[in-house]
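J.: So here's my_file.cif, just mmCIF, C-alpha atoms:
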```cif
data_coords
#
loop_
_atom_site.label_atom_id
_atom_site.label_comp_id
_atom_site.auth_asym_id
_atom_site.auth_seq_id
_atom_site.Cartn_x
_atom_site.Cartn_y
_atom_site.Cartn_z
CA MET A 1 37.75 49.86 116.13
CA ILE A 2 41.51 50.27 116.12
CA GLU A 3 43.15 47.02 115.31
CA ASP A 4 46.56 46.35 116.77
CA ASN A 5 49.15 44.90 114.41
CA ASP A 6 52.69 43.97 115.18
CA ILE A 7 55.30 44.33 112.47
CA GLY A 8 58.91 43.73 113.34
CA GLY A 9 58.30 44.40 117.01
CA ILE A 10 56.96 47.90 116.38
CA SER A 11 53.37 48.55 117.32
CA ILE A 12 51.46 49.83 114.31
CA TYR A 13 47.93 51.13 114.49
CA ASP A 14 45.64 50.58 111.56
CA MET A 15 43.94 53.94 111.11
CA GLY A 16 41.39 52.52 108.65
CA LEU A 17 41.14 52.21 104.90
CA LYS A 18 41.58 55.01 102.41
CA GLU A 19 40.39 55.07 98.83
CA PHE A 20 42.97 55.98 96.21
CA THR A 21 42.59 56.35 92.46
CA ARG A 22 45.37 54.75 90.43
CA TYR A 23 46.72 56.43 87.26
CA ASN A 24 44.75 53.88 85.18
CA GLY A 25 41.51 55.00 86.83
CA SER A 26 40.96 51.96 89.08
CA ILE A 27 39.96 52.64 92.67
CA GLU A 28 41.75 50.75 95.42
CA GLU A 29 41.43 50.71 99.18
CA ILE A 30 44.77 50.85 100.99
CA PRO A 31 45.12 50.55 104.82
CA LEU A 32 46.69 53.59 106.46
CA LEU A 33 49.49 52.59 108.79
CA VAL A 34 50.45 55.37 111.15
CA ASP A 35 52.21 54.98 114.47
CA ASN A 36 50.76 57.83 116.50
CA GLU A 37 53.23 57.52 119.36
CA MET A 38 56.22 57.63 117.02
CA MET A 39 54.74 60.64 115.27
CA ILE A 40 54.17 62.53 118.50
CA VAL A 41 57.63 61.62 119.86
CA GLY A 42 59.20 62.65 116.54
CA LEU A 43 57.36 65.96 116.60
CA ILE A 44 58.42 66.68 120.20
CA MET A 45 62.04 65.78 119.42
CA PHE A 46 61.95 68.01 116.33
CA PHE A 47 60.54 70.84 118.41
CA ILE A 48 63.13 70.48 121.21
CA LEU A 49 66.02 70.16 118.75
CA CYS A 50 64.96 73.23 116.75
CA TYR A 51 64.29 75.22 119.91
CA TYR A 52 67.80 74.56 121.26
CA LEU A 53 69.43 75.11 117.88
CA ASN A 54 67.78 78.50 117.60
CA LYS A 55 68.49 79.40 121.23
CA ASN A 56 72.13 78.51 120.61
CA TYR A 57 72.15 80.72 117.50
CA LEU A 58 70.77 83.60 119.55
CA ILE A 59 73.40 83.13 122.26
CA ASN A 60 76.18 83.02 119.64
CA HIS A 61 74.87 86.20 118.03
CA GLN A 62 73.96 87.92 121.29
CA ARG A 63 76.30 90.82 120.53
CA ASP A 64 74.62 91.40 117.17
CA TYR A 65 71.18 91.45 118.79
CA MET A 66 72.41 93.77 121.52
CA MET A 67 74.01 96.09 118.97
CA MET A 68 70.76 96.19 117.00
CA ARG A 69 68.91 97.22 120.16
CA ILE A 70 71.47 99.91 120.98
CA VAL A 71 71.56 101.49 117.54
CA GLY A 72 67.80 101.55 117.27
CA MET A 73 65.83 98.34 116.72
CA THR A 74 62.69 98.22 118.86
CA LYS A 75 61.57 95.08 120.75
CA ARG A 76 58.55 94.88 118.46
CA GLU A 77 60.72 95.01 115.30
CA MET A 78 62.97 92.34 116.76
CA LEU A 79 59.98 90.06 117.40
CA ILE A 80 58.58 90.66 113.92
CA LYS A 81 61.98 89.72 112.46
CA GLU A 82 61.91 86.41 114.36
CA VAL A 83 58.31 85.71 113.29
CA GLU A 84 59.39 86.40 109.69
CA LYS A 85 62.15 83.79 110.05
CA GLY A 86 59.59 81.31 111.40
CA PHE A 87 57.30 82.03 108.46
CA TYR A 88 60.09 81.48 105.92
CA SER A 89 60.91 78.14 107.61
CA PHE A 90 57.23 77.23 107.43
CA VAL A 91 57.11 78.00 103.69
CA ILE A 92 60.27 75.94 103.05
CA ILE A 93 58.89 72.98 105.08
CA ASN A 94 55.59 73.14 103.19
CA ILE A 95 57.37 73.15 99.81
CA MET A 96 59.34 70.10 100.96
CA ASN A 97 56.08 68.47 102.13
CA ILE A 98 54.37 69.01 98.78
CA THR A 99 57.43 67.66 96.93
CA LEU A 100 57.42 64.56 99.15
CA ILE A 101 53.69 63.96 98.59
CA LEU A 102 54.15 64.29 94.82
CA LEU A 103 57.11 61.88 94.87
CA VAL A 104 55.24 59.27 96.94
CA GLU A 105 52.13 59.54 94.76
CA SER A 106 54.11 59.19 91.55
CA TYR A 107 55.97 56.17 93.01
CA PHE A 108 52.73 54.38 93.95
CA GLN A 109 51.01 55.76 90.86
CA ILE A 110 48.06 57.14 92.80
CA VAL A 111 46.10 60.36 92.57
CA TYR A 112 45.13 61.87 95.91
CA ILE A 113 45.01 65.44 97.09
CA PRO A 114 45.36 65.39 100.91
CA ILE A 115 43.81 68.82 101.56
CA VAL A 116 42.63 68.23 105.15
CA GLU A 117 45.82 66.40 106.22
CA PHE A 118 47.95 69.05 104.53
CA LEU A 119 46.09 71.90 106.23
CA VAL A 120 46.31 70.24 109.66
CA MET A 121 50.05 69.55 109.26
CA SER A 122 50.66 73.08 107.93
CA PHE A 123 48.85 74.59 110.89
CA ILE A 124 50.86 72.53 113.40
CA CYS A 125 54.05 73.33 111.48
CA LEU A 126 53.34 77.08 111.44
CA GLY A 127 52.72 77.05 115.19
CA ILE A 128 55.94 75.16 115.87
CA CYS A 129 58.02 77.43 113.56
CA VAL A 130 56.73 80.62 115.13
CA VAL A 131 57.16 79.31 118.68
CA ILE A 132 60.66 78.00 117.93
CA TYR A 133 61.79 81.41 116.71
CA MET A 134 59.94 83.55 119.23
CA MET A 135 60.39 81.58 122.45
CA PRO A 136 64.21 81.81 122.74
CA LEU A 137 63.94 85.57 122.22
CA TYR A 138 61.50 85.80 125.14
CA VAL A 139 63.64 83.50 127.29
CA LEU A 140 66.81 85.50 126.56
CA TRP A 141 65.02 88.85 126.45
CA ASN A 142 66.62 90.26 129.59
CA ASP A 143 70.14 89.12 128.65
CA LEU A 144 69.79 90.30 125.07
CA ILE A 145 68.53 93.77 125.60
CA ASN A 146 69.54 94.59 129.10
CA ILE A 147 71.51 97.63 128.15
CA ASP A 148 71.01 99.02 131.65
CA ASN A 149 74.11 97.16 132.71
CA GLY A 150 76.36 99.92 133.86
CA GLY A 151 79.01 100.23 131.25
CA GLY A 152 79.04 96.68 130.00
CA LEU A 153 78.90 97.98 126.47
CA SER A 154 82.46 99.02 126.03
CA MET B 1 72.85 126.48 120.35
CA ILE B 2 72.53 123.71 122.95
CA ILE B 3 71.85 120.34 121.35
CA LEU B 4 72.15 118.07 124.39
CA GLU B 5 71.52 118.88 128.00
CA GLY B 6 71.82 116.76 131.13
CA LYS B 7 70.35 118.13 134.35
CA ASN B 8 71.27 116.89 137.84
CA LEU B 9 72.14 113.40 136.62
CA ARG B 10 72.74 110.71 139.19
CA LYS B 11 73.28 107.02 138.58
CA THR B 12 73.83 104.38 141.23
CA TYR B 13 74.68 100.70 140.83
CA GLY B 14 74.28 97.93 143.39
CA TYR B 15 72.50 97.91 146.74
CA ALA B 16 73.32 98.52 150.41
CA GLU B 17 77.08 98.16 151.12
CA ASN B 18 77.75 97.34 147.43
CA LYS B 19 76.17 100.61 146.32
CA VAL B 20 78.35 102.62 143.95
CA ASP B 21 77.55 106.15 142.82
CA ALA B 22 78.73 106.07 139.20
CA ILE B 23 77.73 109.67 138.52
CA LYS B 24 76.84 112.22 141.17
CA ASN B 25 74.59 115.13 140.35
CA ILE B 26 76.17 116.05 137.01
CA SER B 27 74.73 118.85 134.89
CA ILE B 28 76.09 119.36 131.41
CA GLU B 29 75.33 121.31 128.24
CA ILE B 30 76.70 120.36 124.81
CA GLU B 31 76.88 122.92 122.01
CA GLU B 32 75.77 121.91 118.52
CA GLY B 33 78.70 121.07 116.23
CA SER B 34 81.23 120.74 119.03
CA PHE B 35 83.69 117.93 119.69
CA VAL B 36 83.66 117.07 123.39
CA ALA B 37 86.03 114.62 125.03
CA VAL B 38 85.17 113.09 128.40
CA VAL B 39 88.40 112.05 130.10
CA GLY B 40 88.93 110.07 133.26
CA THR B 41 90.48 107.01 134.77
CA SER B 42 88.87 103.57 134.72
CA GLY B 43 85.79 103.52 136.97
CA SER B 44 85.50 107.31 137.11
CA GLY B 45 82.00 107.20 135.61
CA LYS B 46 82.79 108.54 132.12
CA SER B 47 81.19 105.64 130.22
CA THR B 48 78.13 105.70 132.47
CA LEU B 49 77.75 109.42 131.77
CA LEU B 50 77.92 108.76 128.02
CA HIS B 51 75.37 105.93 128.26
CA VAL B 52 73.02 108.10 130.31
CA LEU B 53 73.33 110.98 127.82
CA ALA B 54 72.76 108.58 124.90
CA GLY B 55 69.51 107.20 126.34
CA LEU B 56 71.01 103.76 126.97
CA VAL B 57 71.04 103.73 130.77
CA LYS B 58 68.25 105.37 132.74
CA PRO B 59 69.59 107.62 135.52
CA ASN B 60 68.25 107.34 139.07
CA ALA B 61 67.64 111.07 139.02
CA GLY B 62 67.85 113.93 136.56
CA LYS B 63 66.77 114.59 132.99
CA VAL B 64 68.43 114.44 129.57
CA TYR B 65 67.17 116.63 126.73
CA LEU B 66 68.16 116.08 123.11
CA GLN B 67 67.07 119.01 120.94
CA GLY B 68 64.54 119.85 123.64
CA GLU B 69 63.04 116.35 123.92
CA SER B 70 63.30 114.65 127.30
CA LEU B 71 64.74 111.17 126.62
CA TYR B 72 63.58 109.35 129.71
CA ASP B 73 60.03 110.69 129.59
CA MET B 74 59.32 108.71 126.42
CA ASN B 75 58.49 105.02 126.18
CA ASP B 76 61.08 102.44 125.11
CA ASP B 77 59.89 102.22 121.49
CA ARG B 78 60.00 105.99 120.99
CA LEU B 79 63.38 106.29 122.66
CA THR B 80 64.76 103.48 120.47
CA ARG B 81 63.46 105.18 117.31
CA LEU B 82 64.94 108.48 118.46
CA ARG B 83 68.31 106.75 118.96
CA ARG B 84 68.36 105.47 115.40
CA ARG B 85 67.25 108.79 113.89
CA LYS B 86 69.26 111.27 115.92
CA MET B 87 72.22 109.38 117.37
CA GLY B 88 75.24 107.57 115.99
CA PHE B 89 77.32 105.14 118.04
CA VAL B 90 80.94 104.05 117.92
CA PHE B 91 82.00 101.63 120.65
CA GLN B 92 85.25 99.93 121.54
CA PHE B 93 83.93 96.41 120.94
CA PHE B 94 81.07 94.69 119.12
CA ASN B 95 80.46 97.66 116.93
CA LEU B 96 79.14 95.90 113.88
CA ILE B 97 76.69 93.19 112.91
CA THR B 98 78.87 90.20 112.09
CA THR B 99 76.40 88.54 109.74
CA HIS B 100 76.24 91.66 107.52
CA ASN B 101 78.89 92.96 105.11
CA VAL B 102 80.38 96.47 105.21
CA ILE B 103 77.77 98.27 103.11
CA GLU B 104 74.88 96.48 104.86
CA ASN B 105 76.28 97.63 108.20
CA ILE B 106 76.64 101.19 106.94
CA VAL B 107 73.05 101.50 105.71
CA LEU B 108 71.60 99.41 108.58
CA LEU B 109 69.95 102.30 110.42
CA ILE B 110 68.51 103.78 107.23
CA HIS B 111 66.92 100.42 106.35
CA LEU B 112 65.64 99.98 109.90
CA ASP B 113 63.94 103.34 109.57
CA ASN B 114 62.48 102.48 106.14
CA ARG B 115 64.20 105.51 104.63
CA GLN B 116 65.64 105.83 101.14
CA VAL B 117 69.42 105.45 101.09
CA ASP B 118 71.15 108.61 99.83
CA GLU B 119 73.56 106.69 97.56
CA GLU B 120 75.65 109.76 96.72
CA TYR B 121 76.15 110.67 100.37
CA VAL B 122 76.91 107.07 101.39
CA ASP B 123 79.47 106.76 98.56
CA GLU B 124 81.05 110.03 99.69
CA ILE B 125 81.39 108.69 103.25
CA ILE B 126 82.81 105.40 101.97
CA ASP B 127 85.40 107.33 99.92
CA LEU B 128 86.23 109.62 102.83
CA LEU B 129 86.76 106.68 105.17
CA LYS B 130 88.76 104.75 102.54
CA LEU B 131 86.40 101.79 102.52
CA LYS B 132 85.68 101.61 98.79
CA GLU B 133 87.63 98.40 98.26
CA LYS B 134 86.09 96.76 101.33
CA LYS B 135 82.50 97.68 100.50
CA TYR B 136 81.32 94.08 100.16
CA ALA B 137 83.76 92.48 102.62
CA PHE B 138 82.48 90.71 105.71
CA ILE B 139 83.37 92.07 109.14
CA HIS B 140 85.71 89.19 110.05
CA GLU B 141 87.80 90.09 106.98
CA LEU B 142 88.56 93.58 108.35
CA SER B 143 91.26 94.83 110.72
CA GLY B 144 90.33 96.61 113.97
CA GLY B 145 90.97 100.03 112.43
CA GLN B 146 88.87 99.21 109.38
CA GLN B 147 86.03 97.99 111.62
CA GLN B 148 86.07 101.27 113.52
CA ARG B 149 85.99 103.15 110.19
CA VAL B 150 82.89 101.15 109.23
CA ALA B 151 81.34 102.03 112.60
CA ILE B 152 82.03 105.72 111.95
CA ALA B 153 80.57 105.39 108.45
CA ARG B 154 77.42 103.77 109.91
CA ALA B 155 77.17 106.54 112.50
CA LEU B 156 77.46 109.20 109.76
CA ALA B 157 75.24 107.52 107.14
CA SER B 158 71.99 108.17 108.98
CA LYS B 159 72.92 111.89 109.36
CA PRO B 160 72.43 111.92 113.15
CA ALA B 161 72.29 115.01 115.31
CA ILE B 162 75.01 113.66 117.60
CA ILE B 163 77.64 110.92 117.62
CA PHE B 164 78.57 109.08 120.82
CA ALA B 165 81.98 107.40 120.81
CA ASP B 166 82.90 105.23 123.80
CA GLU B 167 86.65 104.54 123.82
CA PRO B 168 86.71 104.27 120.01
CA THR B 169 90.48 103.78 120.02
CA GLY B 170 90.70 101.54 123.08
CA ASN B 171 91.32 98.42 121.05
CA LEU B 172 93.57 99.89 118.35
CA ASP B 173 97.28 100.44 117.79
CA ALA B 174 98.69 103.99 117.85
CA LYS B 175 98.55 104.52 114.06
CA SER B 176 94.95 103.27 113.69
CA SER B 177 93.95 105.30 116.77
CA GLN B 178 95.22 108.53 115.21
CA GLU B 179 93.46 107.67 111.96
CA VAL B 180 90.12 107.01 113.68
CA ILE B 181 90.33 110.20 115.73
CA GLN B 182 91.20 112.28 112.68
CA LEU B 183 88.22 110.78 110.85
CA LEU B 184 85.91 111.69 113.73
CA LYS B 185 87.34 115.20 113.61
CA ILE B 186 86.83 115.42 109.83
CA ALA B 187 83.24 114.15 110.30
CA GLN B 188 82.61 116.89 112.84
CA ARG B 189 83.99 119.61 110.59
CA LYS B 190 82.73 118.44 107.20
CA TYR B 191 79.23 117.35 108.25
CA HIS B 192 78.87 119.71 111.25
CA GLU B 193 78.30 116.76 113.57
CA THR B 194 78.34 117.02 117.34
CA VAL B 195 80.69 114.40 118.77
CA ILE B 196 80.96 113.23 122.38
CA MET B 197 83.88 110.92 122.92
CA VAL B 198 84.91 109.07 126.05
CA THR B 199 88.59 108.23 126.39
CA HIS B 200 91.22 107.63 129.03
CA ASP B 201 93.96 108.80 126.63
CA GLU B 202 94.95 112.45 127.14
CA MET B 203 96.66 112.67 123.72
CA ILE B 204 93.50 111.49 121.97
CA ALA B 205 91.38 113.92 123.99
CA ASN B 206 93.50 116.84 122.77
CA VAL B 207 91.79 116.87 119.37
CA ALA B 208 88.53 117.93 121.08
CA ASP B 209 87.23 121.50 121.33
CA ARG B 210 86.24 120.89 124.93
CA ILE B 211 87.59 118.48 127.52
CA LEU B 212 85.52 117.36 130.48
CA ARG B 213 87.61 115.73 133.17
CA ILE B 214 85.63 113.37 135.34
CA GLU B 215 86.67 111.79 138.60
CA ASP B 216 84.71 109.77 141.12
CA GLY B 217 81.44 110.48 139.30
CA GLN B 218 81.87 114.25 139.18
CA ILE B 219 83.13 116.72 136.59
CA ILE B 220 86.23 118.25 138.13
CA GLN B 221 87.40 120.28 135.13
CA ASP B 222 85.72 121.70 132.03
CA THR B 223 88.24 123.14 129.55
CA ALA B 224 87.56 124.71 126.19
CA GLN B 225 90.44 124.65 123.75
CA LYS B 226 91.14 125.88 120.26
CA ASN B 227 91.88 123.29 117.62
CA GLU B 228 92.81 123.97 114.03
#
```
Go ahead and express the file in the form of structure tokens.
T.:
Amino acid sequence: MIEDNDIGGISIYDMGLKEFTRYNGSIEEIPLLVDNEMMIVGLIMFFILCYYLNKNYLINHQRDYMMMRIVGMTKREMLIKEVEKGFYSFVIINIMNITLILLVESYFQIVYIPIVEFLVMSFICLGICVVIYMMPLYVLWNDLINIDNGGGLS
Amino acid sequence: MIILEGKNLRKTYGYAENKVDAIKNISIEIEEGSFVAVVGTSGSGKSTLLHVLAGLVKPNAGKVYLQGESLYDMNDDRLTRLRRRKMGFVFQFFNLITTHNVIENIVLLIHLDNRQVDEEYVDEIIDLLKLKEKKYAFIHELSGGQQQRVAIARALASKPAIIFADEPTGNLDAKSSQEVIQLLKIAQRKYHETVIMVTHDEMIANVADRILRIEDGQIIQDTAQKNE
């Protein structure tokens, strides 16, 4: 069913036709061109980049995190704080997503509300954001909060 | 009245031939409202003793009681909450959260505990520690002495039962050191705080009401002295 096209040397997969309503009310069928491999590679690269950026941030602010633990921030509160950061990133990304959809639709003069696609992308995005913020904390957990280090505080 | 008590404390680091006894069977009682200085040379075990008493480093043996509660018999979450409610900390380095400004650092523990900030009391501390003009400054904009004053303000703001100071003047010049020590002394007198301070400087230790001399992991001298 999937028809292979070749545009400019890049493999493009025709994911079928989608009906769109133009501003003037006419209904048109437009082929959806999505390169799955590029999308997956892009997503993985985004994930790795964000993961390392956040891990680097944690390493740079290790003293702050350690101080928070010493003066009285529990592990649970620390995790919740990171999840909160992930959630805020998720909200910002979704606002950017909606803005982009609105811009594209106004450019092509089409009316389409991509509820399913939006929900799927949001779900993936939320997962990635939470993992990106929580995973480095778990990886660095021992270094960050190992206050049983025999006088390494002073 | 005894506020802090350590019983038969022992802490060892390393294994086999690298094993070091940082503190050896130390028992100690701290009176409420007193200013205690722990003095000793580098590696004598004074910082380890302070960390053990503050619930930061679990001893291999012995118990620590703060206002009757055994610190190491509680789980990590409870001990952490107890630290933020009943203890204040002033360290030599990395005292403050660098991404926060002065006032955010001062009220940090109160916010962590979801308590209402006593604005009047916090303003009084800020005035006392001469930080009014630096209230909204970021940490990198402050000198070493000013940073230590912020650390003292943070330690006082949450009205703790006890303040632990680990070499609070170790990184400061003579003038700033005297200033910081005097402020700790004022805090003890004005707010009836109990202060335990570790130092290697005999002159600094002289402001204390009681001096504990520690050597090779053991208290070799316990002197009470009168200070006006």
J.: Measuring atom to atom with only C-alpha atoms, identify which of A:Met96, A:Val71, A:Val91, A:Met38 is nearest to B:Pro160.
T.: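 Distance minimum relative to B:Pro160 lands on A:Val71.
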J.: Residues at most 12 Å from stretch 120-130 of chain A, counting all atoms listed in the file, excluding those fewer than 5 positions away in the same chain, as a PyMOL selection string?
T.: chain A and resi 39-40+43-51+54+79-98+114-115+135-137
J.: With all atoms listed in the file as the basis for distance, which of B:Thr80, B:Thr169, B:Asn75, B:Thr223 is at the shortest distance from B:Gln148?
T.: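 The shortest atom-to-atom distance to B:Gln148 comes from B:Thr169.
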J.: Written as JSON, numbers by chain, what is the full residue list that the PyMOL selection byres ((chain B) within 9 of (chain A)) yields on the file shown?
T.: {"B": [12, 13, 22, 45, 47, 48, 51, 56, 57, 58, 76, 77, 78, 79, 80, 81, 82, 83, 84, 85, 87, 88, 89, 91, 92, 93, 94, 95, 96, 97, 98, 99, 109, 112, 113, 166, 167]}
J.: Kindly export the residues of the current selection with C-alpha atoms, as a tab-separated table (two decimals), in the coordinates of the input.
T.:
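Heads up, here's the output in result-v6.tsv:
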```tsv
chain	number	residue	atom	x	y	z
B	12	THR	CA	73.83	104.38	141.23
B	13	TYR	CA	74.68	100.70	140.83
B	22	ALA	CA	78.73	106.07	139.20
B	45	GLY	CA	82.00	107.20	135.61
B	47	SER	CA	81.19	105.64	130.22
B	48	THR	CA	78.13	105.70	132.47
B	51	HIS	CA	75.37	105.93	128.26
B	56	LEU	CA	71.01	103.76	126.97
B	57	VAL	CA	71.04	103.73	130.77
B	58	LYS	CA	68.25	105.37	132.74
B	76	ASP	CA	61.08	102.44	125.11
B	77	ASP	CA	59.89	102.22	121.49
B	78	ARG	CA	60.00	105.99	120.99
B	79	LEU	CA	63.38	106.29	122.66
B	80	THR	CA	64.76	103.48	120.47
B	81	ARG	CA	63.46	105.18	117.31
B	82	LEU	CA	64.94	108.48	118.46
B	83	ARG	CA	68.31	106.75	118.96
B	84	ARG	CA	68.36	105.47	115.40
B	85	ARG	CA	67.25	108.79	113.89
B	87	MET	CA	72.22	109.38	117.37
B	88	GLY	CA	75.24	107.57	115.99
B	89	PHE	CA	77.32	105.14	118.04
B	91	PHE	CA	82.00	101.63	120.65
B	92	GLN	CA	85.25	99.93	121.54
B	93	PHE	CA	83.93	96.41	120.94
B	94	PHE	CA	81.07	94.69	119.12
B	95	ASN	CA	80.46	97.66	116.93
B	96	LEU	CA	79.14	95.90	113.88
B	97	ILE	CA	76.69	93.19	112.91
B	98	THR	CA	78.87	90.20	112.09
B	99	THR	CA	76.40	88.54	109.74
B	109	LEU	CA	69.95	102.30	110.42
B	112	LEU	CA	65.64	99.98	109.90
B	113	ASP	CA	63.94	103.34	109.57
B	166	ASP	CA	82.90	105.23	123.80
B	167	GLU	CA	86.65	104.54	123.82
```
J.: Work out how far apart atom CA of B:Ile3 and atom CA of B:Lys63 are and give it in Å to one decimal.
T.: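 That distance, rounded to one decimal, is 13.9 Å.
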J.: Have a look at atom CA of B:Gly40 and atom CA of B:Thr199 and let me know their distance in Å, one decimal.
T.: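 It comes out at 7.1 Å.
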